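Trainee: The following file, run_37.txt, comprises compact mmCIF, N, CA and C atoms:
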```
# COMPACT_ATOMS: atom_id res chain seq x y z
N MET R 1 88.39 105.91 116.89
CA MET R 1 89.43 106.57 116.13
C MET R 1 89.96 105.62 115.06
N LYS R 2 90.04 106.13 113.84
CA LYS R 2 90.54 105.34 112.72
C LYS R 2 92.05 105.22 112.78
N LYS R 3 92.55 104.04 112.40
CA LYS R 3 93.98 103.81 112.38
C LYS R 3 94.40 103.43 110.96
N LEU R 4 95.46 104.03 110.48
CA LEU R 4 95.97 103.73 109.15
C LEU R 4 96.75 102.43 109.20
N THR R 5 96.29 101.44 108.45
CA THR R 5 96.96 100.14 108.37
C THR R 5 96.98 99.69 106.91
N ARG R 6 97.89 98.76 106.60
CA ARG R 6 97.89 98.17 105.27
C ARG R 6 96.75 97.17 105.19
N SER R 7 96.05 97.18 104.09
CA SER R 7 94.87 96.34 103.92
C SER R 7 95.26 94.87 103.74
N ARG R 8 94.45 93.98 104.29
CA ARG R 8 94.64 92.55 104.08
C ARG R 8 93.78 92.04 102.94
N LYS R 9 92.66 92.71 102.67
CA LYS R 9 91.76 92.21 101.63
C LYS R 9 91.87 92.98 100.32
N GLU R 10 92.26 94.24 100.36
CA GLU R 10 92.41 95.07 99.16
C GLU R 10 93.88 95.27 98.85
N ARG R 11 94.57 94.17 98.56
CA ARG R 11 96.00 94.28 98.32
C ARG R 11 96.37 93.74 96.96
N MET R 12 97.32 94.43 96.33
CA MET R 12 97.90 93.97 95.08
C MET R 12 99.34 93.52 95.35
N ILE R 13 100.08 94.38 96.03
CA ILE R 13 101.47 94.05 96.39
C ILE R 13 101.58 93.94 97.90
N ALA R 14 101.48 95.07 98.58
CA ALA R 14 101.65 95.06 100.04
C ALA R 14 100.45 95.61 100.79
N GLY R 15 99.43 96.09 100.09
CA GLY R 15 98.25 96.61 100.74
C GLY R 15 98.32 98.07 101.11
N VAL R 16 99.35 98.79 100.63
CA VAL R 16 99.52 100.20 100.98
C VAL R 16 98.38 101.03 100.40
N CYS R 17 98.15 100.93 99.10
CA CYS R 17 97.08 101.72 98.45
C CYS R 17 95.71 101.30 98.97
N GLY R 18 95.52 100.01 99.20
CA GLY R 18 94.26 99.53 99.76
C GLY R 18 94.02 100.08 101.15
N GLY R 19 95.08 100.15 101.95
CA GLY R 19 94.97 100.71 103.29
C GLY R 19 94.67 102.19 103.27
N LEU R 20 95.31 102.92 102.35
CA LEU R 20 95.02 104.35 102.21
C LEU R 20 93.57 104.56 101.77
N ALA R 21 93.10 103.71 100.86
CA ALA R 21 91.71 103.82 100.39
C ALA R 21 90.73 103.55 101.52
N GLU R 22 90.99 102.54 102.33
CA GLU R 22 90.11 102.25 103.47
C GLU R 22 90.12 103.40 104.47
N TYR R 23 91.29 103.96 104.72
CA TYR R 23 91.41 105.05 105.69
C TYR R 23 90.64 106.29 105.25
N PHE R 24 90.75 106.63 103.95
CA PHE R 24 90.08 107.82 103.42
C PHE R 24 88.71 107.51 102.83
N ASN R 25 88.25 106.27 103.00
CA ASN R 25 86.93 105.84 102.52
C ASN R 25 86.77 106.11 101.02
N MET R 26 87.73 105.62 100.24
CA MET R 26 87.73 105.81 98.79
C MET R 26 87.79 104.44 98.11
N ASP R 27 87.61 104.45 96.80
CA ASP R 27 87.73 103.24 96.01
C ASP R 27 89.21 102.89 95.85
N PRO R 28 89.63 101.66 96.17
CA PRO R 28 91.04 101.29 96.07
C PRO R 28 91.60 101.43 94.65
N THR R 29 90.78 101.16 93.65
CA THR R 29 91.24 101.29 92.26
C THR R 29 91.58 102.74 91.94
N LEU R 30 90.76 103.66 92.41
CA LEU R 30 91.02 105.08 92.19
C LEU R 30 92.33 105.51 92.86
N VAL R 31 92.56 105.05 94.08
CA VAL R 31 93.79 105.38 94.79
C VAL R 31 95.00 104.83 94.03
N ARG R 32 94.89 103.61 93.53
CA ARG R 32 96.00 103.02 92.76
C ARG R 32 96.29 103.80 91.49
N ILE R 33 95.23 104.18 90.77
CA ILE R 33 95.40 104.94 89.53
C ILE R 33 96.07 106.28 89.81
N VAL R 34 95.60 106.98 90.83
CA VAL R 34 96.18 108.28 91.18
C VAL R 34 97.64 108.10 91.59
N TYR R 35 97.93 107.07 92.36
CA TYR R 35 99.30 106.83 92.81
C TYR R 35 100.23 106.55 91.63
N VAL R 36 99.77 105.73 90.68
CA VAL R 36 100.59 105.43 89.50
C VAL R 36 100.80 106.68 88.65
N LEU R 37 99.74 107.47 88.46
CA LEU R 37 99.88 108.70 87.68
C LEU R 37 100.87 109.67 88.33
N VAL R 38 100.76 109.84 89.62
CA VAL R 38 101.69 110.73 90.33
C VAL R 38 103.12 110.18 90.24
N SER R 39 103.27 108.88 90.36
CA SER R 39 104.61 108.27 90.26
C SER R 39 105.21 108.46 88.88
N VAL R 40 104.42 108.24 87.84
CA VAL R 40 104.91 108.36 86.47
C VAL R 40 105.24 109.82 86.15
N LEU R 41 104.40 110.72 86.59
CA LEU R 41 104.63 112.13 86.32
C LEU R 41 105.83 112.68 87.09
N SER R 42 106.23 112.00 88.14
CA SER R 42 107.40 112.43 88.91
C SER R 42 108.62 111.56 88.57
N ILE R 43 108.62 110.96 87.41
CA ILE R 43 109.69 110.13 86.88
C ILE R 43 109.89 108.83 87.67
N ALA R 44 108.83 108.27 88.22
CA ALA R 44 108.71 106.94 88.81
C ALA R 44 109.55 106.66 90.05
N PHE R 45 110.79 107.05 90.10
CA PHE R 45 111.63 106.67 91.25
C PHE R 45 111.08 107.13 92.59
N PRO R 46 110.69 108.40 92.74
CA PRO R 46 110.16 108.81 94.04
C PRO R 46 108.91 108.01 94.45
N GLY R 47 108.06 107.67 93.49
CA GLY R 47 106.87 106.90 93.79
C GLY R 47 107.19 105.52 94.33
N ILE R 48 108.17 104.88 93.75
CA ILE R 48 108.59 103.55 94.21
C ILE R 48 109.21 103.65 95.59
N LEU R 49 110.04 104.66 95.79
CA LEU R 49 110.69 104.86 97.09
C LEU R 49 109.65 105.14 98.18
N VAL R 50 108.69 106.00 97.88
CA VAL R 50 107.63 106.33 98.84
C VAL R 50 106.82 105.08 99.17
N TYR R 51 106.51 104.26 98.17
CA TYR R 51 105.74 103.03 98.40
C TYR R 51 106.50 102.10 99.34
N ILE R 52 107.78 101.93 99.11
CA ILE R 52 108.59 101.05 99.97
C ILE R 52 108.64 101.58 101.39
N VAL R 53 108.81 102.88 101.55
CA VAL R 53 108.82 103.48 102.89
C VAL R 53 107.48 103.27 103.59
N LEU R 54 106.38 103.51 102.86
CA LEU R 54 105.06 103.30 103.45
C LEU R 54 104.85 101.84 103.82
N TRP R 55 105.34 100.94 102.99
CA TRP R 55 105.25 99.50 103.25
C TRP R 55 105.92 99.17 104.59
N LEU R 56 107.06 99.78 104.84
CA LEU R 56 107.80 99.51 106.07
C LEU R 56 107.21 100.21 107.29
N VAL R 57 106.61 101.39 107.08
CA VAL R 57 106.14 102.21 108.20
C VAL R 57 104.72 101.87 108.64
N ILE R 58 103.83 101.63 107.68
CA ILE R 58 102.42 101.38 108.01
C ILE R 58 102.25 99.93 108.46
N PRO R 59 101.70 99.71 109.64
CA PRO R 59 101.52 98.34 110.10
C PRO R 59 100.41 97.62 109.33
N GLU R 60 100.51 96.30 109.27
CA GLU R 60 99.49 95.52 108.60
C GLU R 60 98.25 95.40 109.50
N ALA R 61 97.08 95.39 108.85
CA ALA R 61 95.83 95.27 109.60
C ALA R 61 95.78 93.93 110.32
N GLU R 62 95.10 93.93 111.44
CA GLU R 62 94.95 92.67 112.19
C GLU R 62 93.99 91.75 111.47
N SER R 63 94.16 90.45 111.67
CA SER R 63 93.25 89.47 111.08
C SER R 63 91.89 89.58 111.73
N LYS R 64 90.87 89.37 110.89
CA LYS R 64 89.51 89.43 111.45
C LYS R 64 88.89 88.07 111.43
```
How does this structure look as structure tokens?

Mentor:
Amino acid sequence: MKKLTRSRKERMIAGVCGGLAEYFNMDPTLVRIVYVLVSVLSIAFPGILVYIVLWLVIPEAESK
């Protein structure tokens, strides 16, 4: 069973987008671009707030 975690290797800030990309088996760059576009189109604040909440809620991946 797959577990959603923040990425340790595909991280720019906290690994949230990298973790989502690993979970959904997508390219991390594509996930980041989509996330930024959605954030900008929603006047940025909700996107930043959602990122911070995900940062706090999603556990970090274990070291390998």

Trainee: Write down as JSON, numbers by chain the residues of chain R whose backbone DSSP state falls under alpha helix (DSSP H).

Mentor: {"R": [16, 17, 18, 19, 20, 21, 22, 23, 28, 29, 30, 31, 32, 33, 34, 35, 36, 37, 38, 39, 40, 41, 45, 46, 47, 48, 49, 50, 51, 52, 53, 54, 55, 56, 57]}

Trainee: Pick from R:Leu37, R:Thr29, R:Glu22, R:Gly47: nearest to Arg8 in chain R, with only C-alpha atoms counted?

Mentor: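 Going through R:Leu37, R:Thr29, R:Glu22, R:Gly47 one by one, the smallest distance to Arg8 in chain R is for R:Glu22.
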
Trainee: Tell me which of R:Leu4, R:Val38, R:Val53, R:Ile43 sits closest to Phe24 in chain R, counting only N, CA and C atoms.

Mentor: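 Between R:Leu4, R:Val38, R:Val53, R:Ile43, the residue approaching Phe24 in chain R most closely is R:Leu4.
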
Trainee: How far is it from CA of Val34 in chain R to CA of Met1 in chain R, in Å with one decimal?

Mentor: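 CA of Met1 in chain R lies 25.9 Å from CA of Val34 in chain R.
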
Trainee: Compare R:Tyr35, R:Gly15, R:Thr5, R:Pro28 by their minimum atom-to-atom distance to Ile58 in chain R, counting only C-alpha atoms, and give me the closest one.

Mentor: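 Among the listed residues, the smallest separation from Ile58 in chain R belongs to R:Thr5.
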
Trainee: Counting only C-alpha atoms, which residue out of R:Val57, R:Glu62, R:Met26, R:Arg32 sits closest to Ile13 in chain R?

Mentor: R:Arg32

Trainee: Separation of atom C of Ile52 in chain R and atom N of Asp27 in chain R, in Å?

Mentor: 21.7 Å

Trainee: Just to confirm, what's the straight-line distance from atom N of Pro59 in chain R to atom C of Arg6 in chain R in Å (one decimal)?

Mentor: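 Computed distance, atom N of Pro59 in chain R to atom C of Arg6 in chain R, equals 7.1 Å.
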
Trainee: Which residue, R:Lys9, R:Lys2, R:Asn25, R:Ala14, has the smallest gap to Leu56 in chain R when you use only C-alpha atoms?

Mentor: R:Ala14

Trainee: For Ile48 in chain R, which residue among R:Ser63, R:Glu10, R:Ala21, R:Val16 is the nearest when counting only C-alpha atoms?

Mentor: R:Val16

Trainee: Working from the structure I just supplied, which lacks atoms in range 7-18 of chain R, can you model all heavy atoms there and output them as a PDB file, in the coordinates of the input?

Mentor:
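Output below, filename out_11.pdb:
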```pdb
ATOM      1  N   SER R   7      96.050  97.180 104.090  1.00  0.00           N
ATOM      2  CA  SER R   7      94.870  96.340 103.920  1.00  0.00           C
ATOM      3  C   SER R   7      95.260  94.870 103.740  1.00  0.00           C
ATOM      4  O   SER R   7      96.261  94.550 103.100  1.00  0.00           O
ATOM      5  CB  SER R   7      94.074  96.803 102.706  1.00  0.00           C
ATOM      6  OG  SER R   7      92.963  95.968 102.506  1.00  0.00           O
ATOM      7  N   ARG R   8      94.450  93.980 104.290  1.00  0.00           N
ATOM      8  CA  ARG R   8      94.640  92.550 104.080  1.00  0.00           C
ATOM      9  C   ARG R   8      93.780  92.040 102.940  1.00  0.00           C
ATOM     10  O   ARG R   8      94.116  91.059 102.299  1.00  0.00           O
ATOM     11  CB  ARG R   8      94.289  91.773 105.349  1.00  0.00           C
ATOM     12  CG  ARG R   8      95.300  91.926 106.446  1.00  0.00           C
ATOM     13  CD  ARG R   8      94.869  91.088 107.640  1.00  0.00           C
ATOM     14  NE  ARG R   8      95.975  90.558 108.397  1.00  0.00           N
ATOM     15  CZ  ARG R   8      96.722  89.519 108.052  1.00  0.00           C
ATOM     16  NH1 ARG R   8      96.514  88.893 106.940  1.00  0.00           N
ATOM     17  NH2 ARG R   8      97.699  89.111 108.819  1.00  0.00           N
ATOM     18  N   LYS R   9      92.660  92.710 102.670  1.00  0.00           N
ATOM     19  CA  LYS R   9      91.760  92.210 101.630  1.00  0.00           C
ATOM     20  C   LYS R   9      91.870  92.980 100.320  1.00  0.00           C
ATOM     21  O   LYS R   9      91.606  92.446  99.273  1.00  0.00           O
ATOM     22  CB  LYS R   9      90.317  92.190 102.123  1.00  0.00           C
ATOM     23  CG  LYS R   9      89.770  93.533 102.498  1.00  0.00           C
ATOM     24  CD  LYS R   9      88.339  93.434 102.968  1.00  0.00           C
ATOM     25  CE  LYS R   9      87.825  94.832 103.246  1.00  0.00           C
ATOM     26  NZ  LYS R   9      86.441  94.896 103.503  1.00  0.00           N
ATOM     27  N   GLU R  10      92.260  94.240 100.360  1.00  0.00           N
ATOM     28  CA  GLU R  10      92.410  95.070  99.160  1.00  0.00           C
ATOM     29  C   GLU R  10      93.880  95.270  98.850  1.00  0.00           C
ATOM     30  O   GLU R  10      94.403  96.360  98.872  1.00  0.00           O
ATOM     31  CB  GLU R  10      91.722  96.434  99.350  1.00  0.00           C
ATOM     32  CG  GLU R  10      90.239  96.392  99.395  1.00  0.00           C
ATOM     33  CD  GLU R  10      89.622  95.969  98.068  1.00  0.00           C
ATOM     34  OE1 GLU R  10      90.255  96.092  97.016  1.00  0.00           O
ATOM     35  OE2 GLU R  10      88.477  95.504  98.110  1.00  0.00           O
ATOM     36  N   ARG R  11      94.570  94.170  98.560  1.00  0.00           N
ATOM     37  CA  ARG R  11      96.000  94.280  98.320  1.00  0.00           C
ATOM     38  C   ARG R  11      96.370  93.740  96.960  1.00  0.00           C
ATOM     39  O   ARG R  11      95.806  92.782  96.476  1.00  0.00           O
ATOM     40  CB  ARG R  11      96.785  93.610  99.434  1.00  0.00           C
ATOM     41  CG  ARG R  11      96.934  92.162  99.370  1.00  0.00           C
ATOM     42  CD  ARG R  11      97.884  91.569 100.397  1.00  0.00           C
ATOM     43  NE  ARG R  11      98.117  92.414 101.536  1.00  0.00           N
ATOM     44  CZ  ARG R  11      98.974  92.156 102.490  1.00  0.00           C
ATOM     45  NH1 ARG R  11      99.697  91.077 102.452  1.00  0.00           N
ATOM     46  NH2 ARG R  11      99.130  92.964 103.495  1.00  0.00           N
ATOM     47  N   MET R  12      97.320  94.430  96.330  1.00  0.00           N
ATOM     48  CA  MET R  12      97.900  93.970  95.080  1.00  0.00           C
ATOM     49  C   MET R  12      99.340  93.520  95.350  1.00  0.00           C
ATOM     50  O   MET R  12      99.733  92.450  94.954  1.00  0.00           O
ATOM     51  CB  MET R  12      97.906  95.081  94.024  1.00  0.00           C
ATOM     52  CG  MET R  12      96.540  95.462  93.556  1.00  0.00           C
ATOM     53  SD  MET R  12      95.826  94.159  92.604  1.00  0.00           S
ATOM     54  CE  MET R  12      95.581  94.961  91.073  1.00  0.00           C
ATOM     55  N   ILE R  13     100.080  94.380  96.030  1.00  0.00           N
ATOM     56  CA  ILE R  13     101.470  94.050  96.390  1.00  0.00           C
ATOM     57  C   ILE R  13     101.580  93.940  97.900  1.00  0.00           C
ATOM     58  O   ILE R  13     101.746  92.858  98.432  1.00  0.00           O
ATOM     59  CB  ILE R  13     102.459  95.113  95.837  1.00  0.00           C
ATOM     60  CG1 ILE R  13     102.374  95.141  94.312  1.00  0.00           C
ATOM     61  CG2 ILE R  13     103.876  94.821  96.294  1.00  0.00           C
ATOM     62  CD1 ILE R  13     103.176  96.230  93.661  1.00  0.00           C
ATOM     63  N   ALA R  14     101.480  95.070  98.580  1.00  0.00           N
ATOM     64  CA  ALA R  14     101.650  95.060 100.040  1.00  0.00           C
ATOM     65  C   ALA R  14     100.450  95.610 100.790  1.00  0.00           C
ATOM     66  O   ALA R  14     100.452  95.651 102.008  1.00  0.00           O
ATOM     67  CB  ALA R  14     102.894  95.844 100.420  1.00  0.00           C
ATOM     68  N   GLY R  15      99.430  96.090 100.090  1.00  0.00           N
ATOM     69  CA  GLY R  15      98.250  96.610 100.740  1.00  0.00           C
ATOM     70  C   GLY R  15      98.320  98.070 101.110  1.00  0.00           C
ATOM     71  O   GLY R  15      97.462  98.565 101.844  1.00  0.00           O
ATOM     72  N   VAL R  16      99.350  98.790 100.630  1.00  0.00           N
ATOM     73  CA  VAL R  16      99.520 100.200 100.980  1.00  0.00           C
ATOM     74  C   VAL R  16      98.380 101.030 100.400  1.00  0.00           C
ATOM     75  O   VAL R  16      97.706 101.775 101.115  1.00  0.00           O
ATOM     76  CB  VAL R  16     100.891 100.736 100.519  1.00  0.00           C
ATOM     77  CG1 VAL R  16     100.977 102.238 100.717  1.00  0.00           C
ATOM     78  CG2 VAL R  16     102.014 100.039 101.266  1.00  0.00           C
ATOM     79  N   CYS R  17      98.150 100.930  99.100  1.00  0.00           N
ATOM     80  CA  CYS R  17      97.080 101.720  98.450  1.00  0.00           C
ATOM     81  C   CYS R  17      95.710 101.300  98.970  1.00  0.00           C
ATOM     82  O   CYS R  17      94.836 102.137  99.176  1.00  0.00           O
ATOM     83  CB  CYS R  17      97.145 101.576  96.933  1.00  0.00           C
ATOM     84  SG  CYS R  17      98.577 102.392  96.204  1.00  0.00           S
ATOM     85  N   GLY R  18      95.520 100.010  99.200  1.00  0.00           N
ATOM     86  CA  GLY R  18      94.260  99.530  99.760  1.00  0.00           C
ATOM     87  C   GLY R  18      94.020 100.080 101.150  1.00  0.00           C
ATOM     88  O   GLY R  18      92.911 100.462 101.512  1.00  0.00           O
TER      89      GLY R  18
END
```
